[in-house]
Structure formats: structure tokens, C-alpha cells
file run24.pdb (PDB, C-alpha atoms and all ligand atoms)
ATOM      1  CA  MET N   1      74.682  86.883  98.292  1.00  0.00           C
ATOM      2  CA  LEU N   2      75.225  90.261  96.669  1.00  0.00           C
ATOM      3  CA  LYS N   3      78.782  90.636  95.376  1.00  0.00           C
ATOM      4  CA  VAL N   4      80.114  94.179  95.373  1.00  0.00           C
ATOM      5  CA  GLY N   5      83.356  95.233  93.714  1.00  0.00           C
ATOM      6  CA  ILE N   6      85.254  98.282  94.948  1.00  0.00           C
ATOM      7  CA  THR N   7      87.930  99.964  92.902  1.00  0.00           C
ATOM      8  CA  GLY N   8      89.799 103.205  92.398  1.00  0.00           C
ATOM      9  CA  GLY N   9      93.181 104.366  91.262  1.00  0.00           C
ATOM     10  CA  ILE N  10      96.278 104.024  93.430  1.00  0.00           C
ATOM     11  CA  GLY N  11      96.017 106.347  96.444  1.00  0.00           C
ATOM     12  CA  SER N  12      92.277 106.932  96.004  1.00  0.00           C
ATOM     13  CA  GLY N  13      91.758 105.363  99.428  1.00  0.00           C
ATOM     14  CA  LYS N  14      89.922 102.191  98.476  1.00  0.00           C
ATOM     15  CA  SER N  15      91.620 100.126 101.207  1.00  0.00           C
ATOM     16  CA  THR N  16      90.782 102.821 103.737  1.00  0.00           C
ATOM     17  CA  VAL N  17      87.119 102.848 102.630  1.00  0.00           C
ATOM     18  CA  CYS N  18      87.040  99.043 102.859  1.00  0.00           C
ATOM     19  CA  GLN N  19      88.253  99.225 106.450  1.00  0.00           C
ATOM     20  CA  VAL N  20      85.183 101.335 107.249  1.00  0.00           C
ATOM     21  CA  PHE N  21      82.923  98.681 105.670  1.00  0.00           C
ATOM     22  CA  GLU N  22      84.744  96.054 107.752  1.00  0.00           C
ATOM     23  CA  THR N  23      83.821  97.919 110.932  1.00  0.00           C
ATOM     24  CA  LEU N  24      80.178  97.374 109.876  1.00  0.00           C
ATOM     25  CA  GLY N  25      80.827  93.625 109.755  1.00  0.00           C
ATOM     26  CA  ILE N  26      81.061  93.385 105.978  1.00  0.00           C
ATOM     27  CA  PRO N  27      83.632  90.817 104.810  1.00  0.00           C
ATOM     28  CA  VAL N  28      86.220  92.226 102.400  1.00  0.00           C
ATOM     29  CA  LEU N  29      88.432  90.257 100.046  1.00  0.00           C
ATOM     30  CA  TYR N  30      91.549  92.212  99.111  1.00  0.00           C
ATOM     31  CA  ALA N  31      92.393  90.840  95.664  1.00  0.00           C
ATOM     32  CA  ASP N  32      95.992  92.077  95.568  1.00  0.00           C
ATOM     33  CA  THR N  33      96.758  90.440  98.911  1.00  0.00           C
ATOM     34  CA  VAL N  34      95.109  87.201  97.772  1.00  0.00           C
ATOM     35  CA  ALA N  35      97.131  87.331  94.541  1.00  0.00           C
ATOM     36  CA  LYS N  36     100.399  87.768  96.471  1.00  0.00           C
ATOM     37  CA  ASN N  37      99.529  84.912  98.847  1.00  0.00           C
ATOM     38  CA  LEU N  38      98.651  82.590  95.981  1.00  0.00           C
ATOM     39  CA  MET N  39     101.811  83.553  94.084  1.00  0.00           C
ATOM     40  CA  GLN N  40     103.719  82.560  97.195  1.00  0.00           C
ATOM     41  CA  LYS N  41     101.853  79.345  98.002  1.00  0.00           C
ATOM     42  CA  ASP N  42     100.046  77.879  94.974  1.00  0.00           C
ATOM     43  CA  PRO N  43     102.452  75.314  93.445  1.00  0.00           C
ATOM     44  CA  ILE N  44     101.033  75.518  89.901  1.00  0.00           C
ATOM     45  CA  LEU N  45     101.045  79.298  89.907  1.00  0.00           C
ATOM     46  CA  ARG N  46     104.662  79.248  91.139  1.00  0.00           C
ATOM     47  CA  GLN N  47     105.683  76.951  88.296  1.00  0.00           C
ATOM     48  CA  ASN N  48     103.998  79.198  85.748  1.00  0.00           C
ATOM     49  CA  ILE N  49     105.592  82.328  87.187  1.00  0.00           C
ATOM     50  CA  ILE N  50     109.056  80.753  87.098  1.00  0.00           C
ATOM     51  CA  ALA N  51     108.433  79.646  83.492  1.00  0.00           C
ATOM     52  CA  LEU N  52     107.468  83.230  82.592  1.00  0.00           C
ATOM     53  CA  LEU N  53     109.965  85.300  84.579  1.00  0.00           C
ATOM     54  CA  GLY N  54     112.736  82.919  85.598  1.00  0.00           C
ATOM     55  CA  LYS N  55     113.961  81.333  88.824  1.00  0.00           C
ATOM     56  CA  GLU N  56     114.771  84.689  90.398  1.00  0.00           C
ATOM     57  CA  ALA N  57     111.020  85.259  90.826  1.00  0.00           C
ATOM     58  CA  TYR N  58     111.586  83.407  94.130  1.00  0.00           C
ATOM     59  CA  THR N  59     114.546  83.896  96.436  1.00  0.00           C
ATOM     60  CA  GLN N  60     114.995  81.532  99.372  1.00  0.00           C
ATOM     61  CA  ASN N  61     111.537  80.189  98.601  1.00  0.00           C
ATOM     62  CA  ARG N  62     109.925  83.623  99.012  1.00  0.00           C
ATOM     63  CA  LEU N  63     108.191  85.642  96.316  1.00  0.00           C
ATOM     64  CA  ASN N  64     110.733  88.190  95.047  1.00  0.00           C
ATOM     65  CA  THR N  65     108.339  91.101  94.537  1.00  0.00           C
ATOM     66  CA  ALA N  66     111.121  93.592  93.769  1.00  0.00           C
ATOM     67  CA  PHE N  67     112.417  91.409  90.925  1.00  0.00           C
ATOM     68  CA  ILE N  68     108.915  90.712  89.591  1.00  0.00           C
ATOM     69  CA  SER N  69     107.905  94.402  89.650  1.00  0.00           C
ATOM     70  CA  GLN N  70     111.088  95.406  87.885  1.00  0.00           C
ATOM     71  CA  LYS N  71     110.566  92.727  85.190  1.00  0.00           C
ATOM     72  CA  VAL N  72     106.939  93.484  84.418  1.00  0.00           C
ATOM     73  CA  PHE N  73     107.102  97.260  84.731  1.00  0.00           C
ATOM     74  CA  ALA N  74     109.439  97.427  81.793  1.00  0.00           C
ATOM     75  CA  ASP N  75     107.514  94.929  79.670  1.00  0.00           C
ATOM     76  CA  LYS N  76     103.809  95.261  78.874  1.00  0.00           C
ATOM     77  CA  GLU N  77     103.528  91.780  77.415  1.00  0.00           C
ATOM     78  CA  LYS N  78     105.091  90.167  80.463  1.00  0.00           C
ATOM     79  CA  LEU N  79     102.722  92.132  82.716  1.00  0.00           C
ATOM     80  CA  ALA N  80      99.732  90.955  80.683  1.00  0.00           C
ATOM     81  CA  ALA N  81     101.023  87.368  80.800  1.00  0.00           C
ATOM     82  CA  LEU N  82     101.552  87.552  84.570  1.00  0.00           C
ATOM     83  CA  ASN N  83      98.013  88.884  85.024  1.00  0.00           C
ATOM     84  CA  ALA N  84      96.632  86.207  82.725  1.00  0.00           C
ATOM     85  CA  ILE N  85      98.082  83.420  84.873  1.00  0.00           C
ATOM     86  CA  THR N  86      97.325  85.068  88.224  1.00  0.00           C
ATOM     87  CA  HIS N  87      93.725  86.251  87.702  1.00  0.00           C
ATOM     88  CA  PRO N  88      92.159  82.791  87.219  1.00  0.00           C
ATOM     89  CA  ALA N  89      93.739  81.626  90.486  1.00  0.00           C
ATOM     90  CA  VAL N  90      92.401  84.696  92.309  1.00  0.00           C
ATOM     91  CA  THR N  91      88.957  84.176  90.754  1.00  0.00           C
ATOM     92  CA  ALA N  92      88.839  80.529  91.859  1.00  0.00           C
ATOM     93  CA  TYR N  93      89.899  81.517  95.377  1.00  0.00           C
ATOM     94  CA  SER N  94      87.312  84.346  95.439  1.00  0.00           C
ATOM     95  CA  TYR N  95      84.422  82.027  94.618  1.00  0.00           C
ATOM     96  CA  LYS N  96      85.422  79.603  97.378  1.00  0.00           C
ATOM     97  CA  TRP N  97      85.882  82.483  99.824  1.00  0.00           C
ATOM     98  CA  ILE N  98      82.458  83.956  98.985  1.00  0.00           C
ATOM     99  CA  GLU N  99      80.794  80.595  99.690  1.00  0.00           C
ATOM    100  CA  ARG N 100      82.210  80.672 103.209  1.00  0.00           C
ATOM    101  CA  GLN N 101      80.800  84.135 104.053  1.00  0.00           C
ATOM    102  CA  ASN N 102      77.554  84.721 105.840  1.00  0.00           C
ATOM    103  CA  SER N 103      76.615  88.343 105.249  1.00  0.00           C
ATOM    104  CA  PRO N 104      74.011  90.315 103.265  1.00  0.00           C
ATOM    105  CA  TYR N 105      76.767  91.302 100.865  1.00  0.00           C
ATOM    106  CA  ILE N 106      80.529  91.032 100.456  1.00  0.00           C
ATOM    107  CA  LEU N 107      83.136  93.390  99.037  1.00  0.00           C
ATOM    108  CA  LYS N 108      85.980  92.521  96.715  1.00  0.00           C
ATOM    109  CA  GLU N 109      88.625  95.251  96.548  1.00  0.00           C
ATOM    110  CA  ALA N 110      90.953  95.477  93.559  1.00  0.00           C
ATOM    111  CA  ALA N 111      92.844  98.165  91.663  1.00  0.00           C
ATOM    112  CA  LEU N 112      92.132  96.385  88.402  1.00  0.00           C
ATOM    113  CA  PHE N 113      88.556  95.313  87.629  1.00  0.00           C
ATOM    114  CA  TYR N 114      87.692  96.719  84.229  1.00  0.00           C
ATOM    115  CA  GLU N 115      91.249  96.109  83.046  1.00  0.00           C
ATOM    116  CA  SER N 116      90.971  92.393  83.857  1.00  0.00           C
ATOM    117  CA  GLY N 117      87.289  91.874  83.023  1.00  0.00           C
ATOM    118  CA  THR N 118      86.590  90.733  86.595  1.00  0.00           C
ATOM    119  CA  HIS N 119      83.881  93.427  86.976  1.00  0.00           C
ATOM    120  CA  ASN N 120      81.662  90.783  85.326  1.00  0.00           C
ATOM    121  CA  GLN N 121      82.058  88.595  88.421  1.00  0.00           C
ATOM    122  CA  VAL N 122      80.330  91.092  90.740  1.00  0.00           C
ATOM    123  CA  ASP N 123      76.794  92.520  90.821  1.00  0.00           C
ATOM    124  CA  VAL N 124      77.573  96.125  91.736  1.00  0.00           C
ATOM    125  CA  MET N 125      80.658  98.309  91.404  1.00  0.00           C
ATOM    126  CA  ILE N 126      81.744 101.076  93.797  1.00  0.00           C
ATOM    127  CA  GLY N 127      84.355 103.600  92.715  1.00  0.00           C
ATOM    128  CA  VAL N 128      86.522 105.476  95.206  1.00  0.00           C
ATOM    129  CA  SER N 129      87.520 108.795  93.730  1.00  0.00           C
ATOM    130  CA  ALA N 130      90.085 111.443  94.651  1.00  0.00           C
ATOM    131  CA  THR N 131      91.841 114.108  92.626  1.00  0.00           C
ATOM    132  CA  LEU N 132      95.191 113.369  91.027  1.00  0.00           C
ATOM    133  CA  PRO N 133      97.271 115.630  93.332  1.00  0.00           C
ATOM    134  CA  VAL N 134      95.645 114.046  96.406  1.00  0.00           C
ATOM    135  CA  ARG N 135      96.312 110.544  95.121  1.00  0.00           C
ATOM    136  CA  ILE N 136      99.924 111.369  94.264  1.00  0.00           C
ATOM    137  CA  ALA N 137     100.618 112.959  97.654  1.00  0.00           C
ATOM    138  CA  ARG N 138      99.017 110.050  99.550  1.00  0.00           C
ATOM    139  CA  THR N 139     100.886 107.391  97.628  1.00  0.00           C
ATOM    140  CA  MET N 140     104.239 109.188  97.941  1.00  0.00           C
ATOM    141  CA  GLN N 141     103.731 109.364 101.688  1.00  0.00           C
ATOM    142  CA  ARG N 142     102.344 105.835 102.169  1.00  0.00           C
ATOM    143  CA  ASP N 143     105.002 104.074 100.076  1.00  0.00           C
ATOM    144  CA  ASN N 144     107.835 106.551 100.649  1.00  0.00           C
ATOM    145  CA  ILE N 145     108.477 106.891  96.917  1.00  0.00           C
ATOM    146  CA  SER N 146     109.056 109.752  94.474  1.00  0.00           C
ATOM    147  CA  GLU N 147     106.390 111.470  92.401  1.00  0.00           C
ATOM    148  CA  GLU N 148     107.926 109.905  89.264  1.00  0.00           C
ATOM    149  CA  ALA N 149     107.541 106.427  90.745  1.00  0.00           C
ATOM    150  CA  VAL N 150     103.881 107.109  91.577  1.00  0.00           C
ATOM    151  CA  LEU N 151     103.209 108.412  88.056  1.00  0.00           C
ATOM    152  CA  ALA N 152     104.889 105.325  86.570  1.00  0.00           C
ATOM    153  CA  ARG N 153     102.522 103.090  88.543  1.00  0.00           C
ATOM    154  CA  MET N 154      99.521 105.205  87.585  1.00  0.00           C
ATOM    155  CA  SER N 155     100.393 104.913  83.909  1.00  0.00           C
ATOM    156  CA  LYS N 156      99.629 101.164  84.141  1.00  0.00           C
ATOM    157  CA  GLN N 157      96.066 101.806  85.280  1.00  0.00           C
ATOM    158  CA  MET N 158      92.971 102.772  83.339  1.00  0.00           C
ATOM    159  CA  ASN N 159      92.121 106.466  83.183  1.00  0.00           C
ATOM    160  CA  GLU N 160      90.451 107.408  86.470  1.00  0.00           C
ATOM    161  CA  ASP N 161      87.505 109.300  84.894  1.00  0.00           C
ATOM    162  CA  GLU N 162      86.626 106.394  82.654  1.00  0.00           C
ATOM    163  CA  LYS N 163      86.865 103.953  85.549  1.00  0.00           C
ATOM    164  CA  MET N 164      84.594 106.075  87.759  1.00  0.00           C
ATOM    165  CA  SER N 165      82.041 106.616  84.980  1.00  0.00           C
ATOM    166  CA  ARG N 166      81.550 102.856  84.783  1.00  0.00           C
ATOM    167  CA  CYS N 167      80.874 102.379  88.510  1.00  0.00           C
ATOM    168  CA  ASP N 168      77.340 102.207  89.978  1.00  0.00           C
ATOM    169  CA  TYR N 169      78.204 104.209  93.109  1.00  0.00           C
ATOM    170  CA  ILE N 170      80.980 106.689  93.876  1.00  0.00           C
ATOM    171  CA  ILE N 171      82.595 107.482  97.212  1.00  0.00           C
ATOM    172  CA  LEU N 172      84.407 110.782  97.080  1.00  0.00           C
ATOM    173  CA  ASN N 173      87.562 110.658  99.156  1.00  0.00           C
ATOM    174  CA  ASN N 174      89.317 113.968  98.899  1.00  0.00           C
ATOM    175  CA  ASN N 175      90.682 115.315 102.139  1.00  0.00           C
ATOM    176  CA  ASN N 176      87.619 117.534 102.630  1.00  0.00           C
ATOM    177  CA  SER N 177      84.996 114.830 102.024  1.00  0.00           C
ATOM    178  CA  PRO N 178      84.573 112.599 105.108  1.00  0.00           C
ATOM    179  CA  ILE N 179      83.969 109.004 104.107  1.00  0.00           C
ATOM    180  CA  ILE N 180      82.128 107.576 107.106  1.00  0.00           C
ATOM    181  CA  ASP N 181      78.751 109.155 106.289  1.00  0.00           C
ATOM    182  CA  GLN N 182      79.088 108.138 102.653  1.00  0.00           C
ATOM    183  CA  VAL N 183      79.881 104.538 103.603  1.00  0.00           C
ATOM    184  CA  LEU N 184      76.936 104.395 106.026  1.00  0.00           C
ATOM    185  CA  ALA N 185      74.523 105.701 103.366  1.00  0.00           C
ATOM    186  CA  LEU N 186      75.798 103.226 100.795  1.00  0.00           C
ATOM    187  CA  HIS N 187      75.684 100.380 103.319  1.00  0.00           C
ATOM    188  CA  GLN N 188      71.964 101.066 103.858  1.00  0.00           C
ATOM    189  CA  LYS N 189      71.337 100.932 100.105  1.00  0.00           C
ATOM    190  CA  LEU N 190      73.307  97.715  99.641  1.00  0.00           C
ATOM    191  CA  MET N 191      71.473  96.046 102.559  1.00  0.00           C
ATOM    192  CA  LEU N 192      68.207  96.654 100.685  1.00  0.00           C
ATOM    193  CA  ARG N 193      69.307  95.329  97.319  1.00  0.00           C
TER     194      ARG N 193
HETATM  195  P1  LIG K   1      94.515 102.695  97.839  1.00  0.00           P
HETATM  196  O1  LIG K   1      94.178 101.382  98.504  1.00  0.00           O
HETATM  197  O2  LIG K   1      93.398 103.186  96.969  1.00  0.00           O
HETATM  198  O3  LIG K   1      95.828 102.704  97.091  1.00  0.00           O
HETATM  199  P2  LIG K   1      94.810 103.643 100.569  1.00  0.00           P
HETATM  200  O4  LIG K   1      93.508 103.314 101.187  1.00  0.00           O
HETATM  201  O5  LIG K   1      95.984 102.781 100.910  1.00  0.00           O
HETATM  202  O6  LIG K   1      94.669 103.791  98.970  1.00  0.00           O
HETATM  203  O7  LIG K   1      95.140 105.176 100.923  1.00  0.00           O
HETATM  204  C1  LIG K   1      96.390 105.763 100.537  1.00  0.00           C
HETATM  205  C2  LIG K   1      96.967 106.508 101.733  1.00  0.00           C
HETATM  206  O8  LIG K   1      96.147 107.643 102.011  1.00  0.00           O
HETATM  207  C3  LIG K   1      96.999 105.681 103.006  1.00  0.00           C
HETATM  208  O9  LIG K   1      98.163 105.984 103.722  1.00  0.00           O
HETATM  209  C4  LIG K   1      95.747 106.138 103.769  1.00  0.00           C
HETATM  210  O10 LIG K   1      95.917 106.032 105.148  1.00  0.00           O
HETATM  211  C5  LIG K   1      95.610 107.582 103.326  1.00  0.00           C
HETATM  212  N1  LIG K   1      94.197 107.994 103.235  1.00  0.00           N
HETATM  213  C6  LIG K   1      93.251 107.461 102.454  1.00  0.00           C
HETATM  214  N2  LIG K   1      92.054 108.084 102.620  1.00  0.00           N
HETATM  215  C7  LIG K   1      92.271 109.043 103.549  1.00  0.00           C
HETATM  216  C8  LIG K   1      91.449 110.047 104.153  1.00  0.00           C
HETATM  217  N3  LIG K   1      90.155 110.184 103.851  1.00  0.00           N
HETATM  218  N4  LIG K   1      92.004 110.863 105.065  1.00  0.00           N
HETATM  219  C9  LIG K   1      93.322 110.742 105.380  1.00  0.00           C
HETATM  220  N5  LIG K   1      94.158 109.830 104.850  1.00  0.00           N
HETATM  221  C10 LIG K   1      93.646 108.990 103.937  1.00  0.00           C
END

call {"tool": "encode", "arguments": {"input": "run24.pdb", "output": "C-alpha cells", "more": "lines below"}}
Ligand code: ADP
result
Amino acid sequence: MLKVGITGGIGSGKSTVCQVFETLGIPVLYADTVAKNLMQKDPILRQNIIALLGKEAYTQNRLNTAFISQKVFADKEKLAALNAITHPAVTAYSYKWIERQNSPYILKEAALFYESGTHNQVDVMIGVSATLPVRIARTMQRDNISEEAVLARMSKQMNEDEKMSRCDYIILNNNNSPIIDQVLALHQKLMLR
């Protein structure tokens, strides 16, 4: 089965584009959601996270995302270490999930592909692209956060132009570039690969 990765900076609209693919019956694995679920449920991952960040990483048995974000945002090495223990668990889950799908191709959506090296686990990469002001405005509205907070998150991600230049296909998702036709055209191409 063809494995297709889909990425883009925060606010580019990659989740929105994936929802359009889902309406065509294409299964989508949302890597960040899988990561959060595994961090909550996988006992070994939990142990490793507590060893790295401390007991407060879980409060009342629930993943304390606010604490974890605050810890790793201020500390590059801790962020890298957290990714290094989380990515293998997500990869293992992804392979098992892919085996269960019955479709001409599947999508795996993630903000970080090239940053984590997981682009090597898929056959084709799609980039979802939008201008910086559009991405900032969307993220501020979606997450109800300040422009500074959006920029802080963006600073953790690879430069958008470089990311897009490495993708095989681009979906342009500015507010004046409807995505449905672009998804349909790409769907036809991927069905033939
Ligand atoms: P990402 O997953 O890349 O961070 P999302 O898909 O969550 O981005 O999109 C960010 C926000 O912008 C969401 O609230 C979404 O509904 C909105 N959005 C994305 N694409 C469009 C679009 N083409 N038209 C209108 N709103 C959009």
C-alpha cells in the first residue's frame, strides 16, 4: 500500500486538508494525536517521560500537557529527548495501523517529518502551504492565543520554504485557493501510483 505523508507548518491547514481526503474514504493517521494517546496509555513511554520530566508530567493519572509544553519549550535538549522517546512508539503504532487498512493509499499527517527523519517511512510527501500572515491569523483564532505565542511555536519548526521544497506535491491553502479541487486532482494521481 502506498504510504503518503502530509505536512505543513502550524496553521497551514494540514488537518483541514486531511479531512477532505477522509471524505474520499482515505484513512488518515494523525501522528500528534497518536503520540498524545500513547503518552497517556503506553506504560513504558509513561515511565520514560516521568524519568525525563518528572512526576508532574502526569496529574491524577492524566497527561499534563501544560506542564510538558512549558518544560520542553524552554529547553531544546529536553524537547529533543522527548521526541526521541516518543517517535519510535508512534512509528511502531503506525506500522501496525497501516497493516489494518484496506485502501489504495493511506495518509500520515504530522507537523514534523523532516525534523524527525520519519519522511523516510513514507513513499510520497505532500506539503500544505499558506503564507505566514495567514498561518498566524488562523492559529491565533483556532487556539485563542497571542501572536507571540504562535511565533514561539513556529520557531520550533523547520523553515516553511525548505519544508515545502522537499515535498513531492504541494497543496496551496491560502484563503483564496480552494482546496477541494486540488485534493481531488491529487487523489486521482495517487490512485494511479
Ligand atoms: P494545521 O493542522 O496545519 O495546524 P488546521 O487544519 O488546524 O491547521 O487549520 C488551522 C485553522 O484554520 C483551523 O481553525 C481551520 O479550520 C482553519 N482553516 C484551515 N484551512 C482553511 C481554509 N481553506 N479556509 C478557512 N479556514 C481554514

call {"tool": "resolve_selection", "arguments": {"input": "run24.pdb", "expression": "the PyMOL selection byres (((not hetatm)) within 7 of (chain K and resi 1))", "output": "VMD selection string"}}
result
chain N and resid 8 to 17 138 to 139 141 to 142 173 to 175 178 to 179

call {"tool": "axis_aligned_box", "arguments": {"input": "run24.pdb", "around": "range 16-30 of chain N", "padding_each_side": "6 Å", "output": "AutoDock Vina command-line options"}}
result
--center_x 85.9 --center_y 96.6 --center_z 105.0 --size_x 23.4 --size_y 24.6 --size_z 23.8

call {"tool": "resolve_selection", "arguments": {"input": "run24.pdb", "expression": "the PyMOL selection byres (((chain N and resi 113) around 10) and not hetatm)", "output": "ChimeraX atom specification"}}
result
/N:5-8,31,108-112,114-122,125,158,163

call {"tool": "write_last_selection", "arguments": {"input": "run24.pdb", "atoms": "C-alpha atoms", "output": "compact mmCIF listing (two decimals), in the frame of the given file"}}
result
# COMPACT_ATOMS: atom_id res chain seq x y z
CA GLY N 5 83.36 95.23 93.71
CA ILE N 6 85.25 98.28 94.95
CA THR N 7 87.93 99.96 92.90
CA GLY N 8 89.80 103.20 92.40
CA ALA N 31 92.39 90.84 95.66
CA LYS N 108 85.98 92.52 96.72
CA GLU N 109 88.62 95.25 96.55
CA ALA N 110 90.95 95.48 93.56
CA ALA N 111 92.84 98.16 91.66
CA LEU N 112 92.13 96.38 88.40
CA TYR N 114 87.69 96.72 84.23
CA GLU N 115 91.25 96.11 83.05
CA SER N 116 90.97 92.39 83.86
CA GLY N 117 87.29 91.87 83.02
CA THR N 118 86.59 90.73 86.60
CA HIS N 119 83.88 93.43 86.98
CA ASN N 120 81.66 90.78 85.33
CA GLN N 121 82.06 88.60 88.42
CA VAL N 122 80.33 91.09 90.74
CA MET N 125 80.66 98.31 91.40
CA MET N 158 92.97 102.77 83.34
CA LYS N 163 86.86 103.95 85.55

call {"tool": "atom_distance", "arguments": {"input": "run24.pdb", "atom1": "CA of Gln40 in chain N", "atom2": "CA of Phe67 in chain N"}}
result
13.9 Å

call {"tool": "resolve_selection", "arguments": {"input": "run24.pdb", "expression": "the PyMOL selection byres (((chain N and resi 193) around 12) and not hetatm)", "output": "MDAnalysis selection string"}}
result
chainID N and resid 1:4 104:105 123:124 186:192

call {"tool": "atom_distance", "arguments": {"input": "run24.pdb", "atom1": "CA of Trp97 in chain N", "atom2": "CA of Asn37 in chain N"}}
result
13.9 Å

call {"tool": "atom_distance", "arguments": {"input": "run24.pdb", "atom1": "CA of Tyr93 in chain N", "atom2": "CA of Gln60 in chain N"}}
result
25.4 Å

call {"tool": "residues_around", "arguments": {"input": "run24.pdb", "residues": "Asn83 in chain N", "least_positions_apart": "4", "cutoff": "12 Å", "atoms": "all atoms listed in the file", "output": "VMD selection string"}}
result
chain N and resid 32 35 to 36 39 45 48 to 49 52 68 72 76 to 79 87 to 91 112 to 113 115 to 118

call {"tool": "closest_residue", "arguments": {"input": "run24.pdb", "among": "N:Glu160, N:Glu99, N:Asp181, N:Asp168", "to": "Pro27 in chain N", "atoms": "only C-alpha atoms"}}
result
N:Glu99

call {"tool": "closest_residue", "arguments": {"input": "run24.pdb", "among": "N:Ile44, N:Cys167, N:Ile180, N:Ala57", "to": "Ser129 in chain N", "atoms": "only C-alpha atoms"}}
result
N:Cys167
